[in-house]
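Okay, target-v6.txt now, which holds compact mmCIF, C-alpha atoms:
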```txt
# COMPACT_ATOMS: atom_id res chain seq x y z
CA MET A 1 90.50 64.35 70.50
CA LYS A 2 88.93 66.55 67.80
CA ASN A 3 85.47 66.10 69.28
CA LEU A 4 86.84 67.31 72.64
CA LEU A 5 88.04 70.67 71.29
CA ALA A 6 86.45 74.06 71.88
CA THR A 7 87.34 77.54 70.64
CA LEU A 8 87.53 80.94 72.28
CA ALA A 9 84.04 81.64 70.96
CA ASP A 10 82.77 78.91 73.33
CA LEU A 11 84.56 80.35 76.37
CA HIS A 12 81.52 81.57 78.27
CA SER A 13 79.53 78.37 77.80
CA PHE A 14 81.62 76.47 80.37
CA ASP A 15 81.22 76.24 84.14
CA GLU A 16 84.93 76.82 84.79
CA VAL A 17 88.14 77.57 82.91
CA ILE A 18 91.22 75.64 84.05
CA ASP A 19 94.80 76.69 83.26
CA VAL A 20 97.06 73.64 83.65
CA ARG A 21 100.31 75.52 83.00
CA THR A 22 102.88 76.07 85.74
CA PRO A 23 102.29 78.67 88.48
CA LEU A 24 104.94 80.91 86.89
CA GLU A 25 103.21 80.82 83.51
CA PHE A 26 99.85 81.47 85.16
CA ALA A 27 101.25 84.42 87.17
CA GLU A 28 102.56 86.10 84.03
CA ASP A 29 99.13 86.05 82.42
CA HIS A 30 96.03 83.89 82.06
CA ILE A 31 92.49 84.01 80.77
CA PRO A 32 90.53 86.22 83.21
CA GLY A 33 88.60 84.09 85.68
CA ALA A 34 90.64 80.94 85.07
CA ILE A 35 91.93 78.87 87.99
CA ASN A 36 95.40 77.33 88.06
CA ALA A 37 95.63 73.55 88.39
CA PRO A 38 99.14 72.80 87.08
CA VAL A 39 99.87 69.31 85.82
CA LEU A 40 103.59 70.08 86.09
CA SER A 41 105.19 72.30 88.74
CA ASN A 42 107.68 75.00 87.82
CA GLU A 43 110.57 72.70 88.70
CA GLU A 44 109.08 69.62 87.01
CA ARG A 45 108.61 71.47 83.73
CA VAL A 46 112.28 72.51 83.75
CA ILE A 47 113.39 68.93 84.45
CA VAL A 48 111.23 67.45 81.68
CA GLY A 49 112.22 70.18 79.22
CA THR A 50 115.93 69.71 79.88
CA LEU A 51 115.65 65.91 79.51
CA TYR A 52 113.64 66.28 76.29
CA LYS A 53 116.63 67.87 74.54
CA GLN A 54 118.68 64.76 75.32
CA ASP A 55 116.08 61.96 75.09
CA PRO A 56 112.54 62.84 73.94
CA PHE A 57 111.15 59.37 74.74
CA ALA A 58 112.51 59.36 78.28
CA ALA A 59 111.24 62.91 78.83
CA THR A 60 107.75 62.03 77.56
CA LYS A 61 107.61 58.99 79.86
CA LEU A 62 108.77 61.03 82.86
CA GLY A 63 106.34 63.81 82.04
CA ALA A 64 103.45 61.37 81.75
CA GLY A 65 104.18 60.00 85.21
CA LEU A 66 104.39 63.46 86.75
CA VAL A 67 101.18 64.57 85.05
CA ALA A 68 99.38 61.44 86.29
CA LYS A 69 100.60 62.09 89.83
CA ASN A 70 99.49 65.72 89.79
CA LEU A 71 96.16 64.86 88.20
CA GLY A 72 95.53 62.47 91.06
CA ILE A 73 96.26 65.19 93.58
CA HIS A 74 93.90 67.65 91.87
CA LEU A 75 91.13 65.04 91.71
CA ALA A 76 91.49 64.43 95.43
CA THR A 77 91.52 68.12 96.32
CA THR A 78 90.58 70.89 93.87
CA PHE A 79 87.98 68.92 91.91
CA LYS A 80 86.77 66.39 94.48
CA ASP A 81 83.32 67.98 94.93
CA LYS A 82 82.50 68.74 91.30
CA PRO A 83 79.12 67.34 90.21
CA LYS A 84 78.60 64.90 87.36
CA ASN A 85 77.24 67.59 85.01
CA TRP A 86 80.25 69.92 85.52
CA ARG A 87 81.64 71.30 82.21
CA PRO A 88 85.20 72.68 82.42
CA LEU A 89 87.31 74.19 79.64
CA ILE A 90 90.98 73.28 79.94
CA TYR A 91 94.00 74.92 78.35
CA CYS A 92 97.80 74.89 78.41
CA TRP A 93 100.37 76.81 76.36
CA ARG A 94 99.17 75.81 72.88
CA GLY A 95 96.61 73.04 73.32
CA GLY A 96 99.07 70.17 73.66
CA LYS A 97 99.69 67.23 75.92
CA ARG A 98 99.27 69.00 79.27
CA SER A 99 95.70 70.13 78.68
CA GLY A 100 94.98 67.11 76.50
CA SER A 101 95.84 64.72 79.36
CA MET A 102 93.49 66.39 81.83
CA THR A 103 90.71 66.66 79.24
CA THR A 104 90.95 62.98 78.37
CA TRP A 105 90.90 61.83 81.99
CA PHE A 106 88.04 64.14 82.92
CA ASN A 107 85.93 62.71 80.11
CA LEU A 108 86.78 59.16 81.18
CA ILE A 109 85.47 60.08 84.62
CA GLY A 110 82.24 61.38 83.10
CA TRP A 111 82.66 65.16 83.03
CA LYS A 112 82.07 66.91 79.71
CA ALA A 113 85.45 68.60 79.66
CA ARG A 114 86.80 70.31 76.55
CA GLN A 115 90.27 71.42 75.52
CA LEU A 116 90.83 74.97 74.26
CA GLN A 117 92.06 74.74 70.69
CA GLY A 118 95.38 76.53 70.39
CA GLY A 119 95.60 77.02 74.17
CA TYR A 120 96.86 80.21 75.77
CA LYS A 121 98.72 81.07 72.55
CA ALA A 122 95.40 81.36 70.71
CA TYR A 123 93.98 83.49 73.53
CA ARG A 124 96.99 85.82 73.47
CA GLY A 125 96.66 86.22 69.70
CA ASP A 126 93.02 87.19 70.15
CA VAL A 127 93.98 89.74 72.83
CA LEU A 128 96.41 91.41 70.42
CA VAL A 129 93.69 91.64 67.76
CA GLN A 130 91.26 93.15 70.26
CA LEU A 131 93.87 95.63 71.52
CA ALA A 132 93.95 97.07 68.02
CA GLN A 133 90.16 97.14 67.60
CA ARG A 134 88.28 97.71 70.87
CA PRO A 135 89.63 101.18 71.79
CA THR A 136 88.27 102.49 68.49
CA THR A 137 84.70 101.58 69.49
CA ALA A 138 84.64 103.55 72.76
CA ARG A 139 83.72 107.25 73.17
CA PHE A 140 86.27 108.53 75.66
CA ILE A 141 86.16 111.70 77.74
CA VAL A 142 89.60 112.58 79.09
CA LEU A 143 90.14 114.08 82.53
CA ALA A 144 93.12 116.38 82.05
CA GLY A 145 94.82 118.60 84.59
CA HIS A 146 97.96 119.17 86.61
CA THR A 147 99.41 116.68 89.07
CA GLY A 148 97.66 116.91 92.42
CA CYS A 149 94.27 118.11 91.17
CA GLY A 150 92.58 114.84 92.16
CA LYS A 151 91.86 113.29 88.75
CA THR A 152 92.11 109.71 90.00
CA ARG A 153 89.83 110.31 92.98
CA LEU A 154 87.35 112.06 90.69
CA LEU A 155 87.49 109.10 88.31
CA HIS A 156 86.60 106.76 91.18
CA ALA A 157 83.77 109.07 92.21
CA LEU A 158 82.42 109.02 88.65
CA GLU A 159 82.39 105.22 88.77
CA GLN A 160 80.46 105.31 92.04
CA ALA A 161 78.00 107.67 90.37
CA GLY A 162 77.33 105.04 87.70
CA ALA A 163 79.50 106.38 84.88
CA GLN A 164 81.71 104.15 82.76
CA THR A 165 85.36 104.62 83.73
CA LEU A 166 88.69 103.19 82.62
CA ASP A 167 91.24 103.37 85.44
CA LEU A 168 94.48 102.68 83.56
CA GLU A 169 96.66 103.49 86.57
CA GLY A 170 94.62 101.09 88.68
CA ILE A 171 95.10 98.26 86.19
CA ALA A 172 98.80 99.10 85.84
CA GLN A 173 99.19 99.44 89.64
CA HIS A 174 101.17 102.64 89.16
CA ARG A 175 100.27 106.33 89.34
CA GLY A 176 102.24 107.21 86.27
CA SER A 177 104.83 109.57 87.76
CA VAL A 178 108.33 109.26 89.17
CA LEU A 179 106.74 108.76 92.61
CA GLY A 180 103.92 106.62 91.28
CA ALA A 181 104.93 103.07 92.19
CA SER A 182 102.17 101.43 94.23
CA PRO A 183 102.97 100.56 97.85
CA GLU A 184 100.69 97.53 97.40
CA GLY A 185 103.22 95.63 95.30
CA ALA A 186 104.80 95.18 91.87
CA GLN A 187 103.14 96.02 88.58
CA PRO A 188 101.51 93.24 86.56
CA SER A 189 103.28 91.86 83.51
CA GLN A 190 102.56 93.57 80.20
CA LYS A 191 100.54 90.52 79.08
CA SER A 192 98.47 90.55 82.27
CA PHE A 193 97.79 94.27 81.87
CA ASP A 194 96.66 93.68 78.29
CA SER A 195 94.27 90.93 79.40
CA GLN A 196 92.76 93.06 82.15
CA LEU A 197 92.44 96.03 79.78
CA ILE A 198 90.59 93.97 77.15
CA ALA A 199 88.30 92.48 79.80
CA LYS A 200 87.42 96.00 80.97
CA LEU A 201 86.91 97.42 77.47
CA ALA A 202 84.61 94.51 76.62
CA MET A 203 82.26 95.56 79.45
CA PHE A 204 81.54 99.04 78.08
CA ASP A 205 78.33 100.15 76.40
CA PRO A 206 79.54 101.91 73.22
CA SER A 207 76.56 104.29 73.33
CA GLN A 208 77.76 105.78 76.64
CA PRO A 209 80.96 107.80 77.29
CA VAL A 210 83.95 106.32 79.07
CA PHE A 211 85.89 108.59 81.43
CA VAL A 212 89.66 108.12 81.50
CA GLU A 213 92.60 110.10 82.85
CA ALA A 214 95.10 111.73 80.53
CA GLU A 215 98.14 109.46 80.38
CA SER A 216 101.47 109.24 78.63
CA LYS A 217 102.11 106.16 76.51
CA ARG A 218 103.83 104.45 79.45
CA ILE A 219 102.64 103.93 83.02
CA GLY A 220 105.65 102.79 84.98
CA LEU A 221 106.86 99.72 83.08
CA ILE A 222 103.56 99.21 81.26
CA HIS A 223 103.10 100.38 77.67
CA LEU A 224 99.63 101.45 76.54
CA PRO A 225 98.53 100.13 73.14
CA ALA A 226 98.89 102.56 70.27
CA SER A 227 95.20 102.25 69.36
CA LEU A 228 94.17 103.35 72.86
CA MET A 229 96.55 106.30 72.85
CA LEU A 230 95.21 107.47 69.49
CA ALA A 231 91.63 107.18 70.75
CA ILE A 232 92.09 109.11 73.98
CA ARG A 233 94.33 111.78 72.42
CA ALA A 234 91.58 112.57 69.91
CA ALA A 235 88.83 112.54 72.56
CA ASP A 236 86.90 115.37 74.20
CA CYS A 237 88.58 116.67 77.36
CA VAL A 238 87.51 118.09 80.70
CA LEU A 239 90.16 120.25 82.36
CA ILE A 240 90.24 119.67 86.12
CA GLU A 241 91.61 122.66 88.02
CA ALA A 242 92.63 123.16 91.65
CA SER A 243 94.51 125.84 93.52
CA PHE A 244 98.24 125.47 94.14
CA ALA A 245 97.68 125.23 97.89
CA ASP A 246 94.98 122.55 97.48
CA ARG A 247 97.25 120.52 95.21
CA ILE A 248 100.08 120.60 97.76
CA ARG A 249 97.71 119.57 100.55
CA PHE A 250 96.37 116.73 98.41
CA LEU A 251 99.84 115.40 97.56
CA CYS A 252 100.84 115.55 101.22
CA GLN A 253 97.89 113.26 101.95
CA ASP A 254 98.25 110.95 98.97
CA TYR A 255 102.02 110.48 99.17
CA ALA A 256 102.51 110.66 102.94
CA HIS A 257 103.70 107.03 102.94
CA LEU A 258 106.81 108.02 100.96
CA PHE A 259 108.23 109.89 103.97
CA GLU A 260 108.11 106.65 105.98
CA ALA A 261 111.05 105.40 103.86
CA PRO A 262 113.14 108.52 103.18
CA ASP A 263 116.03 106.69 101.52
CA HIS A 264 113.62 105.04 99.10
CA LEU A 265 112.08 108.42 98.32
CA LYS A 266 115.52 109.88 97.65
CA ASN A 267 116.29 107.02 95.27
CA LYS A 268 113.11 107.75 93.35
CA LEU A 269 113.97 111.43 93.01
CA ALA A 270 117.53 110.56 91.96
CA ARG A 271 116.10 109.64 88.54
CA LEU A 272 115.53 113.37 88.00
CA VAL A 273 119.16 114.41 88.53
CA GLU A 274 119.90 114.83 84.80
CA MET A 275 116.85 117.05 84.39
CA HIS A 276 117.26 119.24 87.50
CA GLY A 277 120.90 118.94 88.53
CA LYS A 278 122.70 117.82 91.67
CA VAL A 279 122.18 121.07 93.57
CA VAL A 280 118.39 120.88 93.30
CA LEU A 281 118.40 117.17 94.19
CA ALA A 282 120.55 117.85 97.26
CA HIS A 283 118.05 120.51 98.37
CA TRP A 284 115.16 118.10 97.93
CA HIS A 285 117.03 115.53 100.01
CA GLU A 286 117.37 118.14 102.78
CA LEU A 287 113.62 118.75 102.71
CA ILE A 288 113.05 114.99 103.05
CA ASP A 289 115.43 114.78 106.00
CA GLN A 290 113.62 117.68 107.68
CA GLY A 291 110.20 116.12 107.01
CA GLN A 292 109.04 119.18 105.11
CA LYS A 293 106.40 117.53 102.94
CA ALA A 294 104.59 120.68 101.81
CA GLU A 295 107.83 122.42 100.81
CA LEU A 296 109.03 119.37 98.85
CA PHE A 297 105.77 118.84 96.99
CA GLY A 298 105.48 122.56 96.28
CA GLU A 299 108.89 122.51 94.59
CA LEU A 300 108.14 119.28 92.72
CA ILE A 301 104.94 120.83 91.38
CA SER A 302 106.53 124.10 90.27
CA LYS A 303 109.87 122.77 89.02
CA HIS A 304 109.00 119.32 87.68
CA TYR A 305 105.35 118.35 87.32
CA ASP A 306 103.88 121.56 85.91
CA PRO A 307 106.63 122.14 83.32
CA ALA A 308 106.32 118.49 82.24
CA TYR A 309 102.55 118.87 81.92
CA LYS A 310 102.96 122.01 79.82
CA ARG A 311 105.40 120.25 77.49
CA SER A 312 103.26 117.17 76.92
CA SER A 313 99.57 118.02 77.22
CA GLN A 314 99.06 120.57 74.46
CA GLY A 315 100.62 118.44 71.74
CA ASN A 316 99.18 115.14 72.94
CA TYR A 317 95.50 116.02 73.43
CA LEU A 318 94.06 117.57 70.31
CA ARG A 319 90.90 118.96 71.92
CA LEU A 320 92.37 120.27 75.15
CA ASN A 321 91.92 123.90 74.06
CA GLU A 322 88.18 123.23 73.70
CA ALA A 323 87.89 121.52 77.11
CA LYS A 324 85.18 122.33 79.60
CA LYS A 325 86.64 123.31 82.97
CA LEU A 326 85.80 122.06 86.43
CA GLU A 327 87.45 123.60 89.48
CA ILE A 328 87.58 121.34 92.52
CA ASP A 329 89.13 120.88 95.93
CA PRO A 330 90.88 117.50 95.45
CA SER A 331 90.53 116.77 99.17
CA GLY A 332 86.84 117.73 99.21
CA ASN A 333 83.58 115.93 98.41
CA LEU A 334 84.49 114.23 95.15
CA ASN A 335 81.04 112.65 94.83
CA ALA A 336 79.50 116.09 94.53
CA TYR A 337 82.09 117.11 91.94
CA ALA A 338 81.37 113.90 89.99
CA ARG A 339 77.68 114.76 89.82
CA GLN A 340 78.58 118.32 88.80
CA LEU A 341 80.76 116.97 86.00
CA LEU A 342 78.07 114.63 84.75
CA ASP A 343 75.67 117.59 84.62
CA LEU A 344 78.33 119.66 82.85
CA ILE A 345 78.68 117.24 79.94
```

Show the structure stored in the file as structure tokens.
Amino acid sequence: MKNLLATLADLHSFDEVIDVRTPLEFAEDHIPGAINAPVLSNEERVIVGTLYKQDPFAATKLGAGLVAKNLGIHLATTFKDKPKNWRPLIYCWRGGKRSGSMTTWFNLIGWKARQLQGGYKAYRGDVLVQLAQRPTTARFIVLAGHTGCGKTRLLHALEQAGAQTLDLEGIAQHRGSVLGASPEGAQPSQKSFDSQLIAKLAMFDPSQPVFVEAESKRIGLIHLPASLMLAIRAADCVLIEASFADRIRFLCQDYAHLFEAPDHLKNKLARLVEMHGKVVLAHWHELIDQGQKAELFGELISKHYDPAYKRSSQGNYLRLNEAKKLEIDPSGNLNAYARQLLDLI
């Protein structure tokens, strides 16, 4: 099998990358761009693993039969139209029997398949190395400013204008505040976030700046790597400013969906009871019941978000006092503001 092995350095020389682990393993994280063609289902892997503790030989024989069955299914469906010169790279958890079986059979068929040496475990180790190194090679420009000033929308407008951007909240699928959980679904796993982050960082031209929002070290359940936090906290900043009224109007637009599930919104705000007390929380609940969006967001800005920003921003971002300022209407023409910002820097 040694002549059928490939390394991570060969990754981009293949026509396709195939992850043969279970759907659950694949969902937690996988090499970006890989497809999932499991040789054991979630349930089958549990059965084989449990049997292996009692009788390794019987488990190996059972596993071989299940792998052969699933390989046959994949050959009749997923891979039935692949041409003779197709070159796939195949991996499992650590480059063992699961990926080895598919690699062997594919080569017997005539495809020039290769097995990833070390499997996903080797890939994950490489991700951890890159997480420590890649953020140090980028020149970040941090968009700082109070909640509701439209930093995320401006970041998207900068991307449309051709600038390099790193949307950490987009990758984390969370807006980074107590109300920030995405209505689109759950956050990715930490490993999946790391993979997506490295894939994005690898795309950047180090000679050009990368715009990123000011973030705390955690976005929802996702932790940002220490190297990235050090890099952005030492970076140049642009302070985005908006009027209090514009910020309230923007939050009413951006978080309108929260009032469609008032009990869920109350549960989110309940996390702030130790910080603001039961009386304040009861008042906020009344505003939710009355549908008073502007009043609620106005109080959240003045009593929670702005004090939190004041506590964290000055100490976290070393060059914030030197920041250029850009005043915007967060509900206005963000494309125009993006061009203005690019001219400013």

Find the residues of segment 181-272 of chain A that sit at most 6 Å from segment 160-174 of chain A; for each, write down the nearest two atoms and how far apart they are in Å, to one decimal. Count only C-alpha atoms. Sort by chain, then by number going up, and give it as CSV.
```
residue,atom,partner,partner_atom,distance
A:Ala181,CA,A:His174,CA,4.8
A:Ser182,CA,A:His174,CA,5.3
A:Gln187,CA,A:Gln173,CA,5.3
A:Val210,CA,A:Gln164,CA,4.8
A:Phe211,CA,A:Thr165,CA,4.6
A:Val212,CA,A:Leu166,CA,5.1
```

Dump as CSV the rows for residues of segment 99-150 of chain A within 10 Å of segment 250-271 of chain A: closest atom pair and distance in Å with one decimal, only C-alpha atoms counted, ordered by chain and rising residue number.
```
residue,atom,partner,partner_atom,distance
A:Thr147,CA,A:Leu251,CA,8.6
A:Gly148,CA,A:Leu251,CA,5.8
A:Cys149,CA,A:Phe250,CA,7.7
A:Gly150,CA,A:Phe250,CA,7.5
```

Non-local contacts of segment 47-53 of chain A (7 Å; all atoms listed in the file; under 3 positions in same chain excluded) as a PyMOL selection string: chain A and resi 43-44+56+59+62-63

Contacts of segment 233-236 of chain A within 9 Å, all atoms listed in the file, excl. fewer than 3 positions in-chain, as a ChimeraX atom specification: /A:139-142,214,228-230,316-320,322-324

Could you build a table of the residues in segment 192-310 of chain A lying no more than 9 Å from segment 330-341 of chain A, giving for each the nearest pair of atoms and their separation in Å rounded to one decimal place, using only C-alpha atoms, ordered by chain and ascending residue number, as JSON lines?
```
{"residue": "A:Val238", "atom": "CA", "partner": "A:Leu341", "partner_atom": "CA", "distance": 8.7}
{"residue": "A:Ala242", "atom": "CA", "partner": "A:Pro330", "partner_atom": "CA", "distance": 7.0}
{"residue": "A:Asp246", "atom": "CA", "partner": "A:Pro330", "partner_atom": "CA", "distance": 6.8}
{"residue": "A:Arg247", "atom": "CA", "partner": "A:Pro330", "partner_atom": "CA", "distance": 7.1}
{"residue": "A:Arg249", "atom": "CA", "partner": "A:Ser331", "partner_atom": "CA", "distance": 7.8}
{"residue": "A:Phe250", "atom": "CA", "partner": "A:Ser331", "partner_atom": "CA", "distance": 5.9}
{"residue": "A:Gln253", "atom": "CA", "partner": "A:Ser331", "partner_atom": "CA", "distance": 8.6}
```

Two-atom distance - atom CA of Tyr120 of chain A, atom CA of Glu28 of chain A (Å): 11.6 Å

Find the residues near segment 280-283 of chain A: any atom within 10 Å, counting all atoms listed in the file, skip ones fewer than 3 places away on the same chain, and give them as a PDB file with C-alpha atoms, keeping the file's coordinate frame.
```
ATOM      1  CA  LYS A 266     115.520 109.880  97.650  1.00  0.00           C
ATOM      2  CA  LEU A 269     113.970 111.430  93.010  1.00  0.00           C
ATOM      3  CA  ALA A 270     117.530 110.560  91.960  1.00  0.00           C
ATOM      4  CA  ARG A 271     116.100 109.640  88.540  1.00  0.00           C
ATOM      5  CA  LEU A 272     115.530 113.370  88.000  1.00  0.00           C
ATOM      6  CA  VAL A 273     119.160 114.410  88.530  1.00  0.00           C
ATOM      7  CA  GLU A 274     119.900 114.830  84.800  1.00  0.00           C
ATOM      8  CA  MET A 275     116.850 117.050  84.390  1.00  0.00           C
ATOM      9  CA  HIS A 276     117.260 119.240  87.500  1.00  0.00           C
ATOM     10  CA  GLY A 277     120.900 118.940  88.530  1.00  0.00           C
ATOM     11  CA  GLU A 286     117.370 118.140 102.780  1.00  0.00           C
ATOM     12  CA  LEU A 287     113.620 118.750 102.710  1.00  0.00           C
ATOM     13  CA  ILE A 288     113.050 114.990 103.050  1.00  0.00           C
ATOM     14  CA  ASP A 289     115.430 114.780 106.000  1.00  0.00           C
ATOM     15  CA  LEU A 296     109.030 119.370  98.850  1.00  0.00           C
ATOM     16  CA  GLU A 299     108.890 122.510  94.590  1.00  0.00           C
ATOM     17  CA  LYS A 303     109.870 122.770  89.020  1.00  0.00           C
TER      18      LYS A 303
END
```

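Compared by their closest atoms to Glu215 of chain A, and using only C-alpha atoms, the residues A:Gln190, A:Thr152, A:Lys200, A:Thr78 rank with A:Thr152 nearest.
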
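Of the listed residues A:Pro307, A:Gly176, A:Glu25, A:Arg94, the one whose atoms come nearest to Gly118 of chain A is A:Arg94, with distances taken using only C-alpha atoms.
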
Write out, as JSON lines, each residue of segment 53-145 of chain A that has an atom at most 7 Å from segment 1-16 of chain A, together with the closest pair of atoms and their distance in Å to one decimal, counting all atoms listed in the file, rows going by chain and rising number.
```
{"residue": "A:Trp86", "atom": "CA", "partner": "A:Asp15", "partner_atom": "CA", "distance": 6.5}
{"residue": "A:Arg87", "atom": "CA", "partner": "A:Asp15", "partner_atom": "CA", "distance": 5.3}
{"residue": "A:Pro88", "atom": "CA", "partner": "A:Glu16", "partner_atom": "CA", "distance": 4.8}
{"residue": "A:Leu89", "atom": "CA", "partner": "A:Phe14", "partner_atom": "CA", "distance": 6.2}
{"residue": "A:Arg114", "atom": "CA", "partner": "A:Leu4", "partner_atom": "CA", "distance": 4.9}
{"residue": "A:Gln115", "atom": "CA", "partner": "A:Leu5", "partner_atom": "CA", "distance": 4.8}
{"residue": "A:Leu116", "atom": "CA", "partner": "A:Ala6", "partner_atom": "CA", "distance": 5.1}
{"residue": "A:Gln117", "atom": "CA", "partner": "A:Thr7", "partner_atom": "CA", "distance": 5.5}
```

Keeping C-alpha atoms, export the residues of the selection given above as a tab-separated table (two decimals), in the frame of the given file.
```tsv
chain	number	residue	atom	x	y	z
A	86	TRP	CA	80.25	69.92	85.52
A	87	ARG	CA	81.64	71.30	82.21
A	88	PRO	CA	85.20	72.68	82.42
A	89	LEU	CA	87.31	74.19	79.64
A	114	ARG	CA	86.80	70.31	76.55
A	115	GLN	CA	90.27	71.42	75.52
A	116	LEU	CA	90.83	74.97	74.26
A	117	GLN	CA	92.06	74.74	70.69
```

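Candidate residues A:Ser177, A:Leu201, A:Pro135, A:Lys293 were compared for distance to Pro225 of chain A, and the nearest is A:Pro135, using all atoms listed in the file.
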
Separation of atom CA of His74 of chain A from atom CA of Lys191 of chain A in Å: 27.0 Å

Atomic distance atom CA of Lys84 of chain A - atom CA of Asn70 of chain A, expressed in Å with one decimal: 21.0 Å

Residues near Leu66 of chain A, cut-off 10 Å, only C-alpha atoms, skip fewer than 6 positions along chain, as an MDAnalysis selection string: chainID A and resid 39:41 44:45 48 60 72

Which of A:Asn85, A:Ser243, A:Asn42, A:Thr104 sits closest to Ala68 of chain A [using all atoms listed in the file]: A:Thr104

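Minimum atom-to-atom distances from A:Leu300, A:Ile232, A:Leu179, A:Ala138 to Pro209 of chain A were compared using all atoms listed in the file, and the lowest value belongs to A:Ala138.
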
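For the residues A:Lys61, A:Ile109, A:Leu158, A:Pro32, ranking by smallest atom-to-atom distance to Leu197 of chain A using only C-alpha atoms places A:Pro32 first.
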